[in-house]
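S.K.: Here it is, the structure in full.
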Amino acid sequence: MVLALPGWGQTPFPLPFSTLGEKVSEAVQSEGVDVGYVRLDGRNLFLVSAPKLTTDQPWQLRSRPIKERTSAIELNLQQFKQTGFELDSLTVTYQFLNGLPVIYGNETLLLTVTKQDANLYGVEPEDRAETLVAIVAQALKNAVEERQPEFLRQQARIGLLLALGTLGLSGLVWVGQRYLSQQERILTHQEQALKITMETLKAERDERDPLTILENEGEDKITGDSSQITSLVAMAQTTAENRRLYSINEIKRRVLQLVQFLIWGGSFYGIVGLFPQTRFLQLALRSAVRIPLQLLSIAIATYLLIRIIAILISRLLWELEDSRLLSPEASKRLILRISTFSQVLKRISAIMLTLTGILLGLATLGLPIGPILAGAGIFGLAISFASQSVIKDAINGILILLEDQYGVGDVIEVGSLAGLVETMDLRITQLRDAEGCLITIPNGEIRAVKNRSKEWSRVDLNIPVPYDANLTEMMGLLETVALRMRQDLQWQGLILEAPQLMGVEDFSDRGVVLKVWIKTQPLKQWDVAREYRRRVKTAFDQRGIVIPIPQQALWVKSLPTAVPSTLES
């Protein structure tokens, strides 16, 4: 077969230079055959094959035959291209030599088509030779055309436009990054201002309870439990929304940084591909950055998924909290537990995604995942025997969460330890006691826990009164003080139910002990008890009632007078 091409500029570039879409016969894989691409001016032309060395050879040598053959064919094409042939006189033919078609260019040997080359596409060697003649002829034609001054000037104009477009897009991306950075600073300032406002309110109200988020002040204060829940949800949702927006802005900014990198990298890749003299850099870039780029893509995708899932978890929990299907008590309880669930779920999802990203990275490097997973399973089994306490802590932590025993923000007692739950995960619980000490308790060591802040709390007061006082009047006075306190605007939102005067509790060395119960908001029992004691003391002073102090009564009995005679005898 002889293929003669028309003159320069008369035909477009009709044949693709990449055969990546062509299907390789499955039978080749079992015959120990390697395949590789023949390239010219940095473009893939066609696939050729070569015998694969045996597995007992070093891995560095196993691919040498296919590399030697592709390099030899590429060298023949380069040398023929440099002969300075005219397009009008270019002829590409093939002839049979030793039963195999051999392709020539103007009587210069270029390559031999083997049966293995034909088997790649399931055709006869002669049919494959005809296809390769057309591909080689077109490749040589374009190699000459792309070195003409007119073509180079045209490509230079395209490169200039591409560079200007890159600068424009890069500028827009930079503006977007500056805008997002400014939004992040605004959100940070808002969160700091909100934090300062909350601390100021706590200082003004002498708030000792670290769980109180917001309490409305003023004449227009909405009273009752529902109003407190509404204000609590509003403040918590504002904080959560600011953090969610901050996370979204950070993700957008990272994406824009990636887009900036892709713009410059893609522009450079495209510009060097415009000219045949620099097109080899494309191949070098593909070979150099293929695996690092895949690893970088996996890392970026893992990071973005972790951040996105964290945002979705926070959003889902707040949507659940805001659901109308929940009662006020359940809604309020869920507010206290959102941070606990959010931290645990975010950590679990981050660990799972990170492990998945590591496995994908290992697969990208060509390492077998199956043996790694099997080894990890055996290693995990060995670790499980060596760290049974850690597994016990994790299981108990899961049960604590599922059973809602306590959460971040609760005040609990575990044995002789007590404090505010500051941090909780599947392994440990950290408490902050009244002296400010941080107490770390493994979850596996928690057998029984006393929760002082779940759903509601209670003031339990034992008030002594003098023995000579009228108990009916004293009980009425204590009840009146409690009821008036509940009607006070400052305290009615903290007292959930009418106070209960339980009656006489004990007879002690201080007097008759009367018991009073007041049901309050969680962790408000101490504030209510302090205020109630102050009001009781004021009421006693106004009525001249003295709070009894410990006292004892001594009974002295005299001995009977002795009879003298009896004594003398």
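By order of appearance in the structure tokens: chains A, B, ..., then residues from 1 within every chain, and ligands from 1 in the order shown.
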Taking a cut-off of 12 Å and counting only C-alpha atoms, can you build a table that, for each residue of region 436-466 of chain A near region 528-546 of chain A, reports the nearest atom pair and how far apart they are in Å (one decimal), sorted by chain then residue number, as a tab-separated table?
M.R.:
residue	atom	partner	partner_atom	distance
A:Ser457	CA	A:Val528	CA	10.5
A:Arg458	CA	A:Ala529	CA	9.2
A:Val459	CA	A:Ala529	CA	6.0
A:Asp460	CA	A:Ala529	CA	8.1
A:Leu461	CA	A:Ala529	CA	7.6
A:Asn462	CA	A:Arg533	CA	10.5
A:Ile463	CA	A:Arg533	CA	9.0
A:Pro464	CA	A:Val546	CA	10.2
A:Val465	CA	A:Val546	CA	8.1
A:Pro466	CA	A:Val546	CA	7.6
S.K.: For the residues selected in the previous step, produce a file with N, CA, C and O atoms as an mmCIF file, in the first residue's frame.
M.R.:
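In the end it all went to again-v5.cif:
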data_model
loop_
_atom_site.group_PDB
_atom_site.id
_atom_site.type_symbol
_atom_site.label_atom_id
_atom_site.label_comp_id
_atom_site.auth_asym_id
_atom_site.auth_seq_id
_atom_site.Cartn_x
_atom_site.Cartn_y
_atom_site.Cartn_z
ATOM 1 N N SER A 457 -33.981 20.637 87.821
ATOM 2 C CA SER A 457 -33.284 20.481 89.090
ATOM 3 C C SER A 457 -34.230 20.872 90.225
ATOM 4 O O SER A 457 -35.344 21.365 89.989
ATOM 5 N N ARG A 458 -33.769 20.676 91.444
ATOM 6 C CA ARG A 458 -34.635 20.958 92.595
ATOM 7 C C ARG A 458 -33.815 21.550 93.732
ATOM 8 O O ARG A 458 -32.717 21.085 94.035
ATOM 9 N N VAL A 459 -34.402 22.573 94.346
ATOM 10 C CA VAL A 459 -33.850 23.131 95.576
ATOM 11 C C VAL A 459 -34.395 22.312 96.739
ATOM 12 O O VAL A 459 -35.609 22.185 96.912
ATOM 13 N N ASP A 460 -33.527 21.768 97.544
ATOM 14 C CA ASP A 460 -33.913 20.957 98.699
ATOM 15 C C ASP A 460 -33.353 21.627 99.953
ATOM 16 O O ASP A 460 -32.169 21.489 100.273
ATOM 17 N N LEU A 461 -34.212 22.368 100.648
ATOM 18 C CA LEU A 461 -33.785 23.161 101.797
ATOM 19 C C LEU A 461 -34.389 22.608 103.077
ATOM 20 O O LEU A 461 -35.583 22.270 103.126
ATOM 21 N N ASN A 462 -33.585 22.555 104.129
ATOM 22 C CA ASN A 462 -34.030 22.228 105.483
ATOM 23 C C ASN A 462 -33.801 23.459 106.350
ATOM 24 O O ASN A 462 -32.653 23.820 106.635
ATOM 25 N N ILE A 463 -34.902 24.122 106.740
ATOM 26 C CA ILE A 463 -34.825 25.392 107.459
ATOM 27 C C ILE A 463 -35.240 25.159 108.918
ATOM 28 O O ILE A 463 -36.371 24.738 109.188
ATOM 29 N N PRO A 464 -34.332 25.425 109.890
ATOM 30 C CA PRO A 464 -34.698 25.252 111.300
ATOM 31 C C PRO A 464 -35.461 26.470 111.840
ATOM 32 O O PRO A 464 -35.159 27.617 111.489
ATOM 33 N N VAL A 465 -36.456 26.221 112.682
ATOM 34 C CA VAL A 465 -37.215 27.287 113.352
ATOM 35 C C VAL A 465 -37.237 26.974 114.848
ATOM 36 O O VAL A 465 -37.078 25.807 115.261
ATOM 37 N N PRO A 466 -37.437 27.981 115.684
ATOM 38 C CA PRO A 466 -37.398 27.729 117.139
ATOM 39 C C PRO A 466 -38.497 26.764 117.579
ATOM 40 O O PRO A 466 -39.564 26.673 116.966
#
S.K.: Any idea what's packed within 10 Å of Trp491 (chain A), counting only C-alpha atoms, ignoring anything in its chain fewer than 2 positions away? Could you give it as a ChimeraX atom specification?
M.R.: /A:223-224,484-489,493-496,520,527-528,531
S.K.: Write the residues of the preceding selection, restricted to C-alpha atoms, as a short mmCIF file (atom, residue, chain, number, x, y, z; two decimals), in the first residue's frame.
M.R.:
data_model
loop_
_atom_site.label_atom_id
_atom_site.label_comp_id
_atom_site.auth_asym_id
_atom_site.auth_seq_id
_atom_site.Cartn_x
_atom_site.Cartn_y
_atom_site.Cartn_z
CA THR A 223 -41.61 34.98 80.90
CA GLY A 224 -42.05 31.28 81.27
CA ARG A 484 -43.54 35.86 96.03
CA MET A 485 -40.13 34.90 94.74
CA ARG A 486 -41.72 32.87 91.95
CA GLN A 487 -43.82 35.92 90.95
CA ASP A 488 -40.69 38.08 90.69
CA LEU A 489 -39.84 38.81 87.04
CA GLY A 493 -38.44 32.02 84.49
CA LEU A 494 -36.15 29.86 86.61
CA ILE A 495 -38.81 28.34 88.89
CA LEU A 496 -40.81 25.76 86.94
CA THR A 520 -36.04 24.91 88.87
CA ASP A 527 -28.94 30.43 92.41
CA VAL A 528 -32.56 29.99 93.49
CA GLU A 531 -31.84 33.99 96.79
#
S.K.: Between CA of Asn119 (chain A) and CA of Leu97 (chain A), what is the distance in Å, rounded to a tenth?
M.R.: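 Going from CA of Asn119 (chain A) over to CA of Leu97 (chain A) covers 18.7 Å.
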S.K.: What does the distance from CA of Val504 (chain A) to CA of Glu473 (chain A) come to in Å, to one decimal?
M.R.: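 Spanning CA of Val504 (chain A) to CA of Glu473 (chain A) is a straight-line distance of 12.9 Å.
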